[in-house]
Amino acid sequence: MRTKVYDNVVLIGFMGSGKTSVGKILARKLYKDFVDVDTMIEAEENASVSEIFENKGEAYFRDLESKCIESLTQKKGQIIATGGGLPIYSEISQKSLIVYIDADFDVILERLPKKEKAKRPLLQDVERARELYAKRIDMYKDQATFIVDANQSIPTFIHMIVDYILDQRVL
Ligand code: S3P
């Protein structure tokens with residue numbers, strides 16, 4: 001049987017599930033480059049995600065996200081952290097190994113420092129965010145190559161992702 005060769009690892013999951021922090025650790029452990037879609041957009045626009053939402057609107061942000069993931073996945077060998085809405089509004093290249101960081105909504109809220117919560121416009125109203133979580137969860141699962149239970153301790157689930165990726169072929 002031929003094994004599939006992936007170009008990149010793409011981390012998906014709800015806001016605040018730890019995609020960026022986990023991505024940086026994975027990149028270090030696996031000797032890959034790390035890129036964060038939100039950070040790239042903020043640098044290109046010279047504005048924070050909250051400012052982009054406020055001044056240009058969510059649709060404008062979604063368009064930037066689509067362009068960003070499209071151009072990033074032309075390259076290889078990266079660990080890419082996405083914003084929580086990216087897999088809902090954009091296509092992710094089929095050549096990506098997509099890891100869904102699957103944490104319960106309450107676990108996410110508990111782990112997230114206040115400063116991090118303040119950066120996320122869609123997390124300001126907790127009950128609406130809970131509904132968004134419920135709406136999105138199946139879409140995350142459907143797109144994932146690998147789903148990791150992120151309710152366990154952070155080092156434990158990072159270890160599981162590393163083991164999985166090492167079993168695959170990622171360029
Ligand atoms: C969003 C998630 C955020 C950011 C934006 C919208 C979403 O990224 O892209 O606030 O729609 O879930 P994180 O997942 O890093 O919080």
# chains A, B, ... in the order shown; residues from 1 in each chain; ligands from 1
call {"tool": "residues_near_ligand", "arguments": {"ligand": "ligand 1", "cutoff": "6 Å", "atoms": "only C-alpha atoms and all ligand atoms", "output": "PDB file with N, CA and C atoms, in the first residue's frame"}}
result
ATOM      1  N   PHE A  14     -11.211  25.185  17.673  1.00  0.00           N
ATOM      2  CA  PHE A  14     -11.933  26.380  18.098  1.00  0.00           C
ATOM      3  C   PHE A  14     -10.964  27.415  18.658  1.00  0.00           C
ATOM      4  N   MET A  15     -11.431  28.663  18.700  1.00  0.00           N
ATOM      5  CA  MET A  15     -10.636  29.769  19.275  1.00  0.00           C
ATOM      6  C   MET A  15     -10.104  29.382  20.646  1.00  0.00           C
ATOM      7  N   GLY A  16      -8.846  29.663  20.851  1.00  0.00           N
ATOM      8  CA  GLY A  16      -8.278  29.465  22.179  1.00  0.00           C
ATOM      9  C   GLY A  16      -7.985  28.020  22.529  1.00  0.00           C
ATOM     10  N   ASP A  38      -3.214  33.991  11.546  1.00  0.00           N
ATOM     11  CA  ASP A  38      -3.665  35.278  12.113  1.00  0.00           C
ATOM     12  C   ASP A  38      -2.503  36.270  12.215  1.00  0.00           C
ATOM     13  N   VAL A  49      -6.374  41.502  14.725  1.00  0.00           N
ATOM     14  CA  VAL A  49      -7.594  40.845  14.218  1.00  0.00           C
ATOM     15  C   VAL A  49      -8.821  41.637  14.674  1.00  0.00           C
ATOM     16  N   GLY A  83      -6.721  30.257  12.290  1.00  0.00           N
ATOM     17  CA  GLY A  83      -7.736  30.820  13.174  1.00  0.00           C
ATOM     18  C   GLY A  83      -8.919  29.854  13.210  1.00  0.00           C
ATOM     19  N   GLY A  84      -9.701  29.931  14.282  1.00  0.00           N
ATOM     20  CA  GLY A  84     -10.790  28.967  14.479  1.00  0.00           C
ATOM     21  C   GLY A  84     -11.837  28.930  13.379  1.00  0.00           C
ATOM     22  N   GLY A  85     -11.953  30.021  12.601  1.00  0.00           N
ATOM     23  CA  GLY A  85     -12.978  30.031  11.565  1.00  0.00           C
ATOM     24  C   GLY A  85     -12.449  29.614  10.209  1.00  0.00           C
ATOM     25  N   ARG A 120     -10.080  38.256  21.062  1.00  0.00           N
ATOM     26  CA  ARG A 120     -10.939  37.513  20.133  1.00  0.00           C
ATOM     27  C   ARG A 120     -12.360  38.064  20.075  1.00  0.00           C
ATOM     28  N   PRO A 121     -12.666  38.808  19.000  1.00  0.00           N
ATOM     29  CA  PRO A 121     -13.978  39.458  18.925  1.00  0.00           C
ATOM     30  C   PRO A 121     -15.156  38.492  19.062  1.00  0.00           C
ATOM     31  N   LEU A 122     -14.998  37.273  18.547  1.00  0.00           N
ATOM     32  CA  LEU A 122     -16.136  36.340  18.577  1.00  0.00           C
ATOM     33  C   LEU A 122     -16.253  35.589  19.901  1.00  0.00           C
TER      34      LEU A 122
END
call {"tool": "select_by_dssp", "arguments": {"residues": "chain A", "states": "helix (DSSP H, G or I)", "output": "PyMOL selection string"}}
result
chain A and resi 19-30+37-45+49-56+58-72+86-89+105-111+114-118+121-123+126-143+154-167
call {"tool": "atom_distance", "arguments": {"atom1": "atom CA of Ser21 of chain A", "atom2": "atom CA of Ser153 of chain A"}}
result
13.8 Å
call {"tool": "closest_residue", "arguments": {"among": "A:Ile98, A:Ile41, A:Leu86, A:Ala150", "to": "Ile165 of chain A", "atoms": "only C-alpha atoms"}}
result
A:Ile98
call {"tool": "closest_residue", "arguments": {"among": "A:Leu64, A:Val37, A:Val148, A:Leu171", "to": "Ile52 of chain A", "atoms": "only C-alpha atoms"}}
result
A:Leu64
call {"tool": "atom_distance", "arguments": {"atom1": "atom CA of Lys95 of chain A", "atom2": "atom CA of Thr73 of chain A"}}
result
8.3 Å
call {"tool": "decode", "arguments": {"residues": "segment 110-139 of chain A", "atoms": "N, CA and C atoms", "output": "PDB file, in the first residue's frame"}}
result
ATOM      1  N   GLU A 110     -11.591  27.778  30.477  1.00  0.00           N
ATOM      2  CA  GLU A 110     -10.821  27.666  31.716  1.00  0.00           C
ATOM      3  C   GLU A 110      -9.330  27.921  31.486  1.00  0.00           C
ATOM      4  N   ARG A 111      -8.829  27.438  30.328  1.00  0.00           N
ATOM      5  CA  ARG A 111      -7.389  27.559  30.058  1.00  0.00           C
ATOM      6  C   ARG A 111      -6.994  28.943  29.559  1.00  0.00           C
ATOM      7  N   LEU A 112      -7.962  29.653  28.996  1.00  0.00           N
ATOM      8  CA  LEU A 112      -7.619  30.879  28.277  1.00  0.00           C
ATOM      9  C   LEU A 112      -7.421  32.083  29.214  1.00  0.00           C
ATOM     10  N   PRO A 113      -6.214  32.668  29.225  1.00  0.00           N
ATOM     11  CA  PRO A 113      -6.013  33.858  30.055  1.00  0.00           C
ATOM     12  C   PRO A 113      -6.891  35.012  29.556  1.00  0.00           C
ATOM     13  N   LYS A 114      -7.262  35.918  30.484  1.00  0.00           N
ATOM     14  CA  LYS A 114      -8.148  37.065  30.149  1.00  0.00           C
ATOM     15  C   LYS A 114      -7.631  37.864  28.958  1.00  0.00           C
ATOM     16  N   LYS A 115      -6.308  38.054  28.934  1.00  0.00           N
ATOM     17  CA  LYS A 115      -5.699  38.861  27.871  1.00  0.00           C
ATOM     18  C   LYS A 115      -5.937  38.215  26.496  1.00  0.00           C
ATOM     19  N   GLU A 116      -5.888  36.894  26.463  1.00  0.00           N
ATOM     20  CA  GLU A 116      -6.106  36.162  25.205  1.00  0.00           C
ATOM     21  C   GLU A 116      -7.573  36.233  24.792  1.00  0.00           C
ATOM     22  N   LYS A 117      -8.456  36.194  25.787  1.00  0.00           N
ATOM     23  CA  LYS A 117      -9.902  36.269  25.490  1.00  0.00           C
ATOM     24  C   LYS A 117     -10.227  37.638  24.878  1.00  0.00           C
ATOM     25  N   ALA A 118      -9.586  38.665  25.404  1.00  0.00           N
ATOM     26  CA  ALA A 118      -9.858  40.029  24.940  1.00  0.00           C
ATOM     27  C   ALA A 118      -9.490  40.236  23.474  1.00  0.00           C
ATOM     28  N   LYS A 119      -8.530  39.438  22.975  1.00  0.00           N
ATOM     29  CA  LYS A 119      -8.087  39.584  21.578  1.00  0.00           C
ATOM     30  C   LYS A 119      -9.070  39.008  20.570  1.00  0.00           C
ATOM     31  N   ARG A 120     -10.080  38.256  21.062  1.00  0.00           N
ATOM     32  CA  ARG A 120     -10.939  37.513  20.133  1.00  0.00           C
ATOM     33  C   ARG A 120     -12.360  38.064  20.075  1.00  0.00           C
ATOM     34  N   PRO A 121     -12.666  38.808  19.000  1.00  0.00           N
ATOM     35  CA  PRO A 121     -13.978  39.458  18.925  1.00  0.00           C
ATOM     36  C   PRO A 121     -15.156  38.492  19.062  1.00  0.00           C
ATOM     37  N   LEU A 122     -14.998  37.273  18.547  1.00  0.00           N
ATOM     38  CA  LEU A 122     -16.136  36.340  18.577  1.00  0.00           C
ATOM     39  C   LEU A 122     -16.253  35.589  19.901  1.00  0.00           C
ATOM     40  N   LEU A 123     -15.381  35.924  20.851  1.00  0.00           N
ATOM     41  CA  LEU A 123     -15.418  35.238  22.152  1.00  0.00           C
ATOM     42  C   LEU A 123     -15.927  36.173  23.251  1.00  0.00           C
ATOM     43  N   GLN A 124     -16.331  37.359  22.844  1.00  0.00           N
ATOM     44  CA  GLN A 124     -16.723  38.343  23.862  1.00  0.00           C
ATOM     45  C   GLN A 124     -18.057  37.983  24.532  1.00  0.00           C
ATOM     46  N   ASP A 125     -18.977  37.437  23.729  1.00  0.00           N
ATOM     47  CA  ASP A 125     -20.248  36.988  24.303  1.00  0.00           C
ATOM     48  C   ASP A 125     -20.154  35.463  24.434  1.00  0.00           C
ATOM     49  N   VAL A 126     -19.978  35.018  25.695  1.00  0.00           N
ATOM     50  CA  VAL A 126     -19.661  33.597  25.921  1.00  0.00           C
ATOM     51  C   VAL A 126     -20.778  32.666  25.441  1.00  0.00           C
ATOM     52  N   GLU A 127     -22.033  33.071  25.640  1.00  0.00           N
ATOM     53  CA  GLU A 127     -23.115  32.159  25.237  1.00  0.00           C
ATOM     54  C   GLU A 127     -23.211  32.034  23.708  1.00  0.00           C
ATOM     55  N   ARG A 128     -22.936  33.135  23.029  1.00  0.00           N
ATOM     56  CA  ARG A 128     -22.928  33.060  21.550  1.00  0.00           C
ATOM     57  C   ARG A 128     -21.737  32.232  21.074  1.00  0.00           C
ATOM     58  N   ALA A 129     -20.621  32.365  21.771  1.00  0.00           N
ATOM     59  CA  ALA A 129     -19.433  31.585  21.403  1.00  0.00           C
ATOM     60  C   ALA A 129     -19.695  30.090  21.621  1.00  0.00           C
ATOM     61  N   ARG A 130     -20.447  29.781  22.685  1.00  0.00           N
ATOM     62  CA  ARG A 130     -20.779  28.373  22.954  1.00  0.00           C
ATOM     63  C   ARG A 130     -21.630  27.803  21.812  1.00  0.00           C
ATOM     64  N   GLU A 131     -22.553  28.624  21.312  1.00  0.00           N
ATOM     65  CA  GLU A 131     -23.391  28.180  20.184  1.00  0.00           C
ATOM     66  C   GLU A 131     -22.549  27.988  18.913  1.00  0.00           C
ATOM     67  N   LEU A 132     -21.610  28.899  18.719  1.00  0.00           N
ATOM     68  CA  LEU A 132     -20.722  28.817  17.544  1.00  0.00           C
ATOM     69  C   LEU A 132     -19.907  27.522  17.615  1.00  0.00           C
ATOM     70  N   TYR A 133     -19.439  27.223  18.805  1.00  0.00           N
ATOM     71  CA  TYR A 133     -18.666  25.997  19.034  1.00  0.00           C
ATOM     72  C   TYR A 133     -19.513  24.778  18.623  1.00  0.00           C
ATOM     73  N   ALA A 134     -20.759  24.741  19.107  1.00  0.00           N
ATOM     74  CA  ALA A 134     -21.644  23.607  18.816  1.00  0.00           C
ATOM     75  C   ALA A 134     -21.885  23.485  17.303  1.00  0.00           C
ATOM     76  N   LYS A 135     -21.983  24.620  16.631  1.00  0.00           N
ATOM     77  CA  LYS A 135     -22.233  24.613  15.180  1.00  0.00           C
ATOM     78  C   LYS A 135     -21.020  24.126  14.394  1.00  0.00           C
ATOM     79  N   ARG A 136     -19.835  24.441  14.910  1.00  0.00           N
ATOM     80  CA  ARG A 136     -18.619  24.174  14.125  1.00  0.00           C
ATOM     81  C   ARG A 136     -18.001  22.804  14.334  1.00  0.00           C
ATOM     82  N   ILE A 137     -18.277  22.204  15.465  1.00  0.00           N
ATOM     83  CA  ILE A 137     -17.523  21.022  15.882  1.00  0.00           C
ATOM     84  C   ILE A 137     -17.520  19.902  14.817  1.00  0.00           C
ATOM     85  N   ASP A 138     -18.669  19.668  14.182  1.00  0.00           N
ATOM     86  CA  ASP A 138     -18.728  18.593  13.174  1.00  0.00           C
ATOM     87  C   ASP A 138     -17.893  18.933  11.946  1.00  0.00           C
ATOM     88  N   MET A 139     -17.827  20.222  11.624  1.00  0.00           N
ATOM     89  CA  MET A 139     -17.026  20.629  10.454  1.00  0.00           C
ATOM     90  C   MET A 139     -15.547  20.425  10.725  1.00  0.00           C
TER      91      MET A 139
END
